[in-house]
>>> print(open('final07.tsv').read())   # TSV, C-alpha atoms
chain	number	residue	atom	x	y	z
A	98	MET	CA	-4.97	-28.78	9.61
A	99	GLN	CA	-4.71	-25.47	7.79
A	100	LYS	CA	-3.20	-24.06	4.59
A	101	LYS	CA	-0.14	-21.80	4.47
A	102	ILE	CA	1.63	-20.12	1.54
A	103	HIS	CA	5.41	-20.46	1.42
A	104	LEU	CA	7.95	-18.72	-0.78
A	105	ILE	CA	10.00	-21.49	-2.42
A	106	ASN	CA	12.00	-19.52	-5.06
A	107	ARG	CA	13.40	-16.00	-5.23
A	108	PRO	CA	11.65	-14.62	-8.33
A	109	LYS	CA	13.75	-13.56	-11.29
A	110	GLY	CA	11.74	-10.85	-13.00
A	111	THR	CA	7.99	-10.97	-12.50
A	112	PRO	CA	6.90	-13.50	-9.86
A	113	SER	CA	4.86	-16.53	-10.93
A	114	HIS	CA	2.94	-19.32	-9.26
A	115	ASP	CA	6.08	-21.47	-9.46
A	116	ASP	CA	7.68	-19.25	-6.80
A	117	PHE	CA	5.08	-20.22	-4.20
A	118	LYS	CA	3.77	-23.38	-2.60
A	119	VAL	CA	0.63	-24.06	-0.60
A	120	VAL	CA	1.39	-26.40	2.29
A	121	GLU	CA	-0.68	-27.97	5.04
A	122	ALA	CA	0.28	-27.62	8.68
A	123	PRO	CA	-1.29	-28.04	12.13
A	124	ILE	CA	-3.33	-25.11	13.44
A	125	GLY	CA	-1.62	-24.97	16.81
A	126	SER	CA	-2.84	-23.85	20.25
A	127	PRO	CA	-2.02	-20.69	22.21
A	128	ASP	CA	0.13	-20.71	25.34
A	129	GLN	CA	-0.22	-18.19	28.16
A	130	GLY	CA	-0.12	-14.64	26.78
A	131	GLU	CA	-1.00	-15.82	23.28
A	132	VAL	CA	-4.12	-15.97	21.09
A	133	LEU	CA	-5.29	-18.12	18.20
A	134	ILE	CA	-6.49	-15.97	15.29
A	135	ARG	CA	-8.55	-17.01	12.30
A	136	THR	CA	-7.61	-15.01	9.21
A	137	LYS	CA	-10.37	-12.88	7.67
A	138	TYR	CA	-8.58	-10.44	5.32
A	139	ILE	CA	-5.05	-10.47	3.86
A	140	SER	CA	-3.32	-7.38	2.46
A	141	VAL	CA	-1.33	-7.88	-0.75
A	142	ASP	CA	1.11	-5.06	-1.48
A	143	PRO	CA	3.80	-4.21	-4.06
A	144	TYR	CA	6.52	-3.82	-1.39
A	145	LEU	CA	6.30	-7.55	-0.70
A	146	ARG	CA	8.09	-8.13	-4.01
A	147	GLY	CA	11.21	-6.55	-2.50
A	148	ARG	CA	11.10	-8.94	0.44
A	149	MET	CA	11.21	-11.87	-1.99
A	150	SER	CA	14.70	-10.77	-3.02
A	151	GLU	CA	17.88	-11.16	-1.00
A	152	ALA	CA	18.90	-7.57	-1.81
A	153	LYS	CA	19.56	-5.32	1.17
A	154	SER	CA	16.52	-3.21	2.03
A	155	TYR	CA	14.70	-1.55	4.92
A	156	VAL	CA	13.14	-4.85	5.98
A	157	GLU	CA	14.43	-8.42	6.20
A	158	PRO	CA	13.79	-10.62	3.15
A	159	PHE	CA	11.41	-13.54	3.41
A	160	LYS	CA	13.12	-16.85	4.06
A	161	LEU	CA	12.68	-19.64	1.56
A	162	ASP	CA	10.36	-22.47	2.52
A	163	GLU	CA	8.72	-20.34	5.19
A	164	VAL	CA	5.38	-18.58	5.28
A	165	ILE	CA	4.97	-15.14	3.65
A	166	SER	CA	3.56	-12.40	5.89
A	167	SER	CA	1.79	-9.07	5.49
A	168	ALA	CA	-0.89	-7.05	7.26
A	169	VAL	CA	-3.79	-9.30	8.20
A	170	ILE	CA	-7.18	-8.76	9.83
A	171	GLY	CA	-8.33	-11.71	11.87
A	172	GLN	CA	-10.71	-12.72	14.63
A	173	VAL	CA	-9.71	-14.28	17.93
A	174	GLU	CA	-10.80	-17.93	18.12
A	175	GLU	CA	-9.13	-18.78	21.42
A	176	SER	CA	-7.41	-16.55	23.95
A	177	LYS	CA	-5.00	-17.13	26.79
A	178	SER	CA	-4.39	-13.39	27.10
A	179	ASP	CA	-5.88	-10.88	29.49
A	180	ARG	CA	-5.96	-8.30	26.68
A	181	PHE	CA	-8.08	-10.21	24.15
A	182	SER	CA	-11.32	-12.17	24.19
A	183	LYS	CA	-12.82	-14.66	21.78
A	184	GLY	CA	-14.47	-12.73	18.94
A	185	ASP	CA	-12.18	-9.68	19.06
A	186	VAL	CA	-11.24	-8.35	15.62
A	187	VAL	CA	-7.50	-7.68	15.41
A	188	LEU	CA	-4.80	-6.39	13.08
A	189	GLY	CA	-1.24	-7.64	12.88
A	190	ALA	CA	1.66	-8.56	10.62
A	191	LEU	CA	0.71	-12.21	10.25
A	192	GLY	CA	1.37	-15.08	7.88
A	193	TRP	CA	-0.46	-15.96	4.69
A	194	GLN	CA	-2.22	-18.80	6.49
A	195	GLU	CA	-5.70	-19.63	7.67
A	196	TYR	CA	-4.85	-19.52	11.39
A	197	SER	CA	-2.09	-17.87	13.43
A	198	VAL	CA	-0.94	-18.31	17.01
A	199	VAL	CA	0.64	-15.02	18.13
A	200	LYS	CA	1.79	-13.24	21.26
A	201	GLU	CA	-0.59	-10.63	22.64
A	202	ASP	CA	1.82	-7.74	21.93
A	203	GLU	CA	1.98	-8.57	18.20
A	204	ILE	CA	-1.60	-7.52	17.44
A	205	ARG	CA	-4.05	-4.73	18.25
A	206	LYS	CA	-7.83	-4.53	18.34
A	207	VAL	CA	-9.72	-2.67	15.62
A	208	ASP	CA	-13.27	-1.36	15.80
A	209	HIS	CA	-15.08	-2.92	12.83
A	210	HIS	CA	-18.24	-1.06	13.84
A	211	GLN	CA	-16.58	2.33	13.28
A	212	ALA	CA	-15.43	1.29	9.79
A	213	PRO	CA	-15.44	-1.98	7.82
A	214	ALA	CA	-12.67	-4.29	9.05
A	215	SER	CA	-10.91	-4.23	5.67
A	216	ALA	CA	-10.55	-0.43	5.91
A	217	TYR	CA	-7.82	-1.01	8.50
A	218	LEU	CA	-5.76	-2.53	5.70
A	219	SER	CA	-6.38	0.46	3.43
A	220	ILE	CA	-7.50	3.98	4.21
A	221	LEU	CA	-7.23	3.56	8.01
A	222	GLY	CA	-4.17	1.34	7.79
A	223	MET	CA	-0.66	1.39	6.37
A	224	THR	CA	-1.62	2.71	2.95
A	225	GLY	CA	-3.64	5.61	4.33
A	226	LEU	CA	-0.87	6.45	6.80
A	227	THR	CA	1.74	6.23	4.03
A	228	ALA	CA	-0.22	8.78	2.00
A	229	TYR	CA	-0.83	11.01	5.02
A	230	PHE	CA	2.74	11.26	6.29
A	231	GLY	CA	4.51	11.13	2.93
A	232	LEU	CA	2.42	13.93	1.47
A	233	LEU	CA	2.08	16.18	4.51
A	234	GLU	CA	5.53	15.76	6.06
A	235	ILE	CA	7.63	15.71	2.86
A	236	GLY	CA	5.34	17.07	0.11
A	237	LYS	CA	3.87	19.85	2.28
A	238	PRO	CA	1.27	20.94	-0.32
A	239	GLN	CA	0.08	24.52	-0.09
A	240	GLU	CA	-3.22	25.95	-1.25
A	241	GLY	CA	-3.16	26.61	-4.99
A	242	GLU	CA	-0.07	24.49	-5.68
A	243	THR	CA	-0.02	21.69	-8.27
A	244	VAL	CA	0.39	18.14	-6.96
A	245	VAL	CA	1.06	15.25	-9.37
A	246	VAL	CA	0.54	11.66	-8.21
A	247	SER	CA	1.71	8.55	-10.07
A	248	GLY	CA	-0.05	5.26	-9.39
A	249	ALA	CA	-2.93	7.56	-8.58
A	250	ALA	CA	-5.68	4.93	-8.61
A	251	GLY	CA	-3.85	2.67	-6.18
A	252	ALA	CA	-4.44	2.55	-2.46
A	253	VAL	CA	-1.74	5.09	-1.58
A	254	GLY	CA	-2.06	7.31	-4.64
A	255	SER	CA	-5.81	7.74	-4.39
A	256	ALA	CA	-5.49	8.81	-0.75
A	257	VAL	CA	-2.64	11.20	-1.59
A	258	GLY	CA	-4.73	12.99	-4.21
A	259	GLN	CA	-7.70	13.40	-1.91
A	260	ILE	CA	-5.60	14.69	0.98
A	261	ALA	CA	-3.96	17.18	-1.39
A	262	LYS	CA	-7.43	18.38	-2.41
A	263	ILE	CA	-8.39	18.76	1.26
A	264	LYS	CA	-5.33	21.01	1.60
A	265	GLY	CA	-6.48	23.15	-1.32
A	266	ALA	CA	-4.06	21.97	-4.00
A	267	ARG	CA	-4.71	21.33	-7.67
A	268	VAL	CA	-4.25	17.58	-8.26
A	269	VAL	CA	-3.21	15.67	-11.38
A	270	GLY	CA	-3.23	11.88	-11.29
A	271	ILE	CA	-1.48	9.37	-13.56
A	272	ALA	CA	-3.02	5.90	-13.97
A	273	GLY	CA	-3.28	3.09	-16.51
A	274	SER	CA	-6.86	2.68	-17.73
A	275	ASP	CA	-9.83	4.76	-18.81
A	276	GLU	CA	-11.83	3.27	-15.93
A	277	LYS	CA	-9.23	4.53	-13.46
A	278	ILE	CA	-9.09	7.95	-15.13
A	279	SER	CA	-12.86	8.30	-14.78
A	280	TYR	CA	-12.68	7.18	-11.16
A	281	LEU	CA	-10.04	9.79	-10.32
A	282	LYS	CA	-11.90	12.67	-11.90
A	283	GLU	CA	-15.53	11.79	-11.29
A	284	GLU	CA	-15.38	10.00	-7.93
A	285	LEU	CA	-12.33	11.48	-6.21
A	286	GLY	CA	-12.40	15.00	-7.63
A	287	PHE	CA	-8.94	15.10	-9.23
A	288	ASP	CA	-8.59	18.18	-11.45
A	289	ALA	CA	-6.98	16.21	-14.28
A	290	ALA	CA	-5.87	12.64	-14.96
A	291	ILE	CA	-3.51	11.09	-17.51
A	292	ASN	CA	-3.66	7.57	-18.94
A	293	TYR	CA	0.01	6.63	-19.33
A	294	LYS	CA	-0.88	3.68	-21.57
A	295	THR	CA	-2.68	5.74	-24.22
A	296	GLN	CA	-1.24	9.25	-23.84
A	297	ASP	CA	2.18	10.87	-24.25
A	298	VAL	CA	2.84	11.52	-20.56
A	299	SER	CA	5.32	14.36	-21.12
A	300	GLN	CA	2.95	16.26	-23.40
A	301	ALA	CA	-0.09	15.51	-21.27
A	302	LEU	CA	1.70	16.76	-18.13
A	303	GLN	CA	2.64	20.03	-19.86
A	304	GLU	CA	-1.02	20.55	-20.75
A	305	ALA	CA	-2.33	19.53	-17.32
A	306	CYS	CA	0.30	21.52	-15.38
A	307	PRO	CA	0.61	24.91	-17.15
A	308	ASN	CA	2.07	26.44	-13.99
A	309	GLY	CA	4.56	23.65	-13.39
A	310	ILE	CA	4.67	21.02	-10.63
A	311	ASP	CA	5.16	21.84	-6.95
A	312	VAL	CA	4.77	18.36	-5.46
A	313	TYR	CA	5.31	15.02	-7.17
A	314	PHE	CA	4.29	11.97	-5.12
A	315	GLU	CA	6.30	9.13	-6.64
A	316	ASN	CA	4.85	5.63	-6.59
A	317	VAL	CA	6.00	4.33	-9.97
A	318	GLY	CA	9.42	5.56	-11.13
A	319	GLY	CA	10.68	4.80	-14.65
A	320	GLU	CA	9.61	6.86	-17.63
A	321	ILE	CA	6.65	8.40	-15.78
A	322	GLY	CA	8.96	9.88	-13.18
A	323	ASP	CA	11.33	11.05	-15.92
A	324	ALA	CA	8.53	13.06	-17.53
A	325	VAL	CA	7.94	15.04	-14.34
A	326	PHE	CA	11.42	16.49	-13.71
A	327	PRO	CA	11.49	19.08	-16.53
A	328	LEU	CA	8.30	20.63	-15.11
A	329	LEU	CA	9.42	21.04	-11.49
A	330	ASN	CA	8.95	24.46	-9.95
A	331	GLN	CA	11.38	26.22	-7.66
A	332	PHE	CA	11.55	24.45	-4.28
A	333	ALA	CA	9.42	21.51	-5.49
A	334	ARG	CA	9.08	18.53	-3.15
A	335	ILE	CA	9.19	14.88	-4.24
A	336	PRO	CA	8.22	12.23	-1.68
A	337	VAL	CA	9.46	8.89	-3.04
A	338	CYS	CA	7.14	6.16	-1.81
A	339	GLY	CA	7.65	3.44	-4.42
A	340	ALA	CA	8.95	2.52	-7.85
A	341	ILE	CA	6.76	-0.39	-8.93
A	342	SER	CA	7.78	-0.04	-12.59
A	343	SER	CA	11.23	-1.42	-11.75
A	344	TYR	CA	10.44	-4.00	-9.06
A	345	ASN	CA	10.60	-6.91	-11.50
A	346	ASN	CA	13.52	-5.65	-13.59
A	347	VAL	CA	16.33	-8.16	-14.00
A	348	GLU	CA	18.80	-5.49	-15.17
A	349	GLN	CA	19.61	-2.22	-13.43
A	350	ASP	CA	16.98	0.44	-14.14
A	351	LEU	CA	18.55	3.35	-16.03
A	352	GLY	CA	17.12	6.70	-17.00
A	353	PRO	CA	17.76	10.45	-17.13
A	354	ARG	CA	19.94	11.76	-14.32
A	355	VAL	CA	17.97	13.82	-11.81
A	356	GLN	CA	20.72	15.88	-10.19
A	357	GLY	CA	20.59	18.77	-12.64
A	358	TYR	CA	16.85	19.22	-12.23
A	359	LEU	CA	17.13	19.16	-8.45
A	360	ILE	CA	19.94	21.71	-8.44
A	361	LYS	CA	18.25	24.11	-10.86
A	362	THR	CA	14.99	24.12	-8.89
A	363	SER	CA	16.39	23.66	-5.36
A	364	ALA	CA	13.94	20.76	-5.17
A	365	LEU	CA	13.76	18.24	-2.35
A	366	MET	CA	13.57	14.54	-3.26
A	367	GLN	CA	13.22	12.28	-0.23
A	368	GLY	CA	12.57	8.58	0.05
A	369	PHE	CA	10.60	7.32	3.04
A	370	ILE	CA	8.81	4.37	4.56
A	371	VAL	CA	5.74	4.69	6.72
A	372	GLY	CA	7.58	3.14	9.64
A	373	ASN	CA	9.58	6.36	9.96
A	374	TYR	CA	6.45	7.88	11.49
A	375	SER	CA	5.39	4.95	13.69
A	376	SER	CA	5.36	7.08	16.85
A	377	ARG	CA	2.67	9.26	15.24
A	378	PHE	CA	0.39	6.58	13.79
A	379	GLY	CA	-2.33	7.46	16.28
A	380	GLU	CA	-2.35	11.07	15.11
A	381	GLY	CA	-2.55	10.09	11.45
A	382	ALA	CA	-5.26	7.47	11.98
A	383	LYS	CA	-7.40	9.93	13.94
A	384	GLU	CA	-7.14	12.56	11.19
A	385	LEU	CA	-7.90	10.02	8.44
A	386	ALA	CA	-10.89	8.64	10.34
A	387	GLY	CA	-12.21	12.18	10.81
A	388	TRP	CA	-11.98	12.95	7.10
A	389	LEU	CA	-13.58	9.60	6.28
A	390	ASN	CA	-16.51	10.22	8.62
A	391	GLU	CA	-16.95	13.74	7.20
A	392	GLY	CA	-17.18	12.34	3.67
A	393	LYS	CA	-13.96	14.09	2.58
A	394	LEU	CA	-12.18	10.81	1.90
A	395	LYS	CA	-13.34	7.91	-0.25
A	396	TYR	CA	-11.62	4.61	-0.78
A	397	GLU	CA	-11.92	1.67	-3.12
A	398	GLU	CA	-10.95	-1.94	-2.63
A	399	THR	CA	-10.28	-4.69	-5.14
A	400	VAL	CA	-11.34	-7.74	-3.16
A	401	THR	CA	-10.35	-11.25	-4.21
A	402	GLU	CA	-12.49	-13.93	-2.58
A	403	GLY	CA	-10.91	-17.00	-1.04
A	404	PHE	CA	-7.59	-17.94	0.56
A	405	ASP	CA	-6.74	-20.14	-2.43
A	406	HIS	CA	-6.59	-17.02	-4.65
A	407	THR	CA	-4.09	-15.08	-2.51
A	408	ILE	CA	-1.22	-15.66	-4.92
A	409	ASP	CA	-3.39	-14.57	-7.87
A	410	ALA	CA	-4.27	-11.35	-6.07
A	411	PHE	CA	-0.59	-10.61	-5.43
A	412	LEU	CA	0.44	-11.30	-9.03
A	413	ASP	CA	-2.38	-9.08	-10.34
A	414	LEU	CA	-0.68	-6.07	-8.69
A	415	PHE	CA	1.99	-6.12	-11.39
A	416	GLU	CA	-0.64	-6.09	-14.13
A	417	GLY	CA	-2.25	-2.96	-12.65
A	418	ALA	CA	-5.46	-4.91	-12.12
A	419	ASN	CA	-6.39	-3.30	-8.81
A	420	LEU	CA	-8.41	-0.16	-8.23
A	421	GLY	CA	-7.57	1.10	-4.76
A	422	LYS	CA	-6.38	-1.40	-2.15
A	423	ALA	CA	-5.89	-5.04	-3.13
A	424	ILE	CA	-7.25	-7.35	-0.44
A	425	VAL	CA	-7.99	-11.06	-0.14
A	426	LYS	CA	-11.19	-11.87	1.73
A	427	VAL	CA	-10.76	-15.21	3.49
A	428	GLY	CA	-13.96	-15.18	5.55
A	429	GLU	CA	-16.70	-13.13	7.18
A	430	ILE	CA	-16.34	-11.45	10.55
A	431	GLN	CA	-18.54	-13.32	13.03
A	432	GLU	CA	-20.72	-11.15	15.25
>>> encode(input="final07.tsv", output="structure tokens")
Amino acid sequence: MQKKIHLINRPKGTPSHDDFKVVEAPIGSPDQGEVLIRTKYISVDPYLRGRMSEAKSYVEPFKLDEVISSAVIGQVEESKSDRFSKGDVVLGALGWQEYSVVKEDEIRKVDHHQAPASAYLSILGMTGLTAYFGLLEIGKPQEGETVVVSGAAGAVGSAVGQIAKIKGARVVGIAGSDEKISYLKEELGFDAAINYKTQDVSQALQEACPNGIDVYFENVGGEIGDAVFPLLNQFARIPVCGAISSYNNVEQDLGPRVQGYLIKTSALMQGFIVGNYSSRFGEGAKELAGWLNEGKLKYEETVTEGFDHTIDAFLDLFEGANLGKAIVKVGEIQE
């Protein structure tokens, strides 16, 4: 038998433990063309909150009384596939469960000798690719321009800031603790960082961006986003990746209207999901791996130990508890 985590209620406001249930189920055996995978690392991500709602979105909502899924790193325990052997380390969109039986075309091998296995859930995975394509394809930072990143100490935001620095931009990050501010400036080389919990964001942005803002990478929304619009430069670009500040709102999120700012500055504001660039994932992963190996990219992980703490790790996202990518470590990779 194994443990699985089901969604049993659609959260109203911030999710709680009452919205989930740990159930026991048989492990199962693979048929021809399938493999049995033992879970090693589980990715917990803010976008999963949207899938817990029935609201129309870019991905189907989770069904009640069924297992939740996200990106998972696992190791093949048993294979009836010509493509995979016992011991292979693989990545796939799998359930929050200790074991998974999946078809061979639902997973891909990762090289955990080139980089730690968990890196394929962060800097070499969806979050790194989100930063890469969102910033470079929509933000298009130029040397000497000012790039502002909200949620800057998160998995996506921290990668965005570093890539912008690689491209020669001046980078200002917004985060929610003094520890994160120090990390951005001292470890990642951001030019300035603003603590939105202790500083007046509007005033701090004016001081940190004396020449205005050319690119704003939006991860948060709400009042932080509102503070950016008056400082936009002509032809500014705004990739909209997320809006975590409003994910748990019960009422409609209201704020200043953006149209006037966009018209006055001829700015581009474009929402995106990383899946828009799926045909180019190989290109992005190769570039990210190159920068990582050259020491131009750093990444941080907040690792929660143990399958039984998966729900805790997910709920902590909405308290801003994570530095970098939030990951649950279920077990060690076996050599």
>>> residues_around(input="final07.tsv", residues="His209 of chain A", least_positions_apart="6", cutoff="9 Å", atoms="all atoms listed in the file", output="compact mmCIF listing (two decimals) with C-alpha atoms, in the coordinates of the input")
# COMPACT_ATOMS: atom_id res chain seq x y z
CA VAL A 186 -11.24 -8.35 15.62
CA SER A 215 -10.91 -4.23 5.67
CA ALA A 216 -10.55 -0.43 5.91
CA TYR A 217 -7.82 -1.01 8.50
CA ILE A 430 -16.34 -11.45 10.55
>>> atom_distance(input="final07.tsv", atom1="atom CA of Glu234 of chain A", atom2="atom CA of Pro336 of chain A")
8.9 Å
>>> axis_aligned_box(input="final07.tsv", around="segment 283-296 of chain A", padding_each_side="6 Å", output="JSON")
{"center_x": -7.8, "center_y": 10.9, "center_z": -15.2, "size_x": 27.5, "size_y": 26.5, "size_z": 30.0}
>>> closest_residue(input="final07.tsv", among="A:Ser150, A:Thr136, A:Gln172, A:Asn345", to="Glu416 of chain A", atoms="only C-alpha atoms")
A:Asn345
>>> closest_atom_pairs(input="final07.tsv", of="segment 128-244 of chain A", to="segment 291-307 of chain A", cutoff="12 Å", atoms="only C-alpha atoms", output="CSV")
residue,atom,partner,partner_atom,distance
A:Glu242,CA,A:Cys306,CA,10.2
A:Thr243,CA,A:Cys306,CA,7.1
A:Val244,CA,A:Cys306,CA,9.1
>>> atom_distance(input="final07.tsv", atom1="atom CA of Asp350 of chain A", atom2="atom CA of Glu320 of chain A")
10.4 Å
>>> residues_near_point(input="final07.tsv", point="(4.3, 25.6, -11.4)", cutoff="12 Å", atoms="all atoms listed in the file", output="number ranges by chain")
A: 241-245, 266-267, 302-313, 325-334, 362
>>> residues_around(input="final07.tsv", residues="segment 370-376 of chain A", least_positions_apart="6", cutoff="12 Å", atoms="only C-alpha atoms", output="VMD selection string")
chain A and resid 144 154 to 156 222 to 235 253 316 336 to 339 382
>>> atom_distance(input="final07.tsv", atom1="atom CA of Pro213 of chain A", atom2="atom CA of Gly258 of chain A")
22.0 Å
>>> closest_residue(input="final07.tsv", among="A:Val317, A:Ser140, A:Arg135, A:Val268", to="Glu429 of chain A", atoms="all atoms listed in the file")
A:Arg135
>>> residues_around(input="final07.tsv", residues="Ile139 of chain A", least_positions_apart="5", cutoff="9 Å", atoms="all atoms listed in the file", output="PyMOL selection string")
chain A and resi 167-171+191-193+215+218+404+407+423-427
>>> closest_residue(input="final07.tsv", among="A:Val132, A:Leu365, A:Val269, A:Ala386", to="Arg205 of chain A", atoms="only C-alpha atoms")
A:Val132
>>> closest_residue(input="final07.tsv", among="A:Ile165, A:Pro238, A:Gly322, A:Lys100", to="Phe411 of chain A", atoms="only C-alpha atoms")
A:Ile165
>>> residues_near_point(input="final07.tsv", point="(-12.4, -2.2, -8.9)", cutoff="7 Å", atoms="all atoms listed in the file", output="ChimeraX atom specification")
/A:397-399,419-420
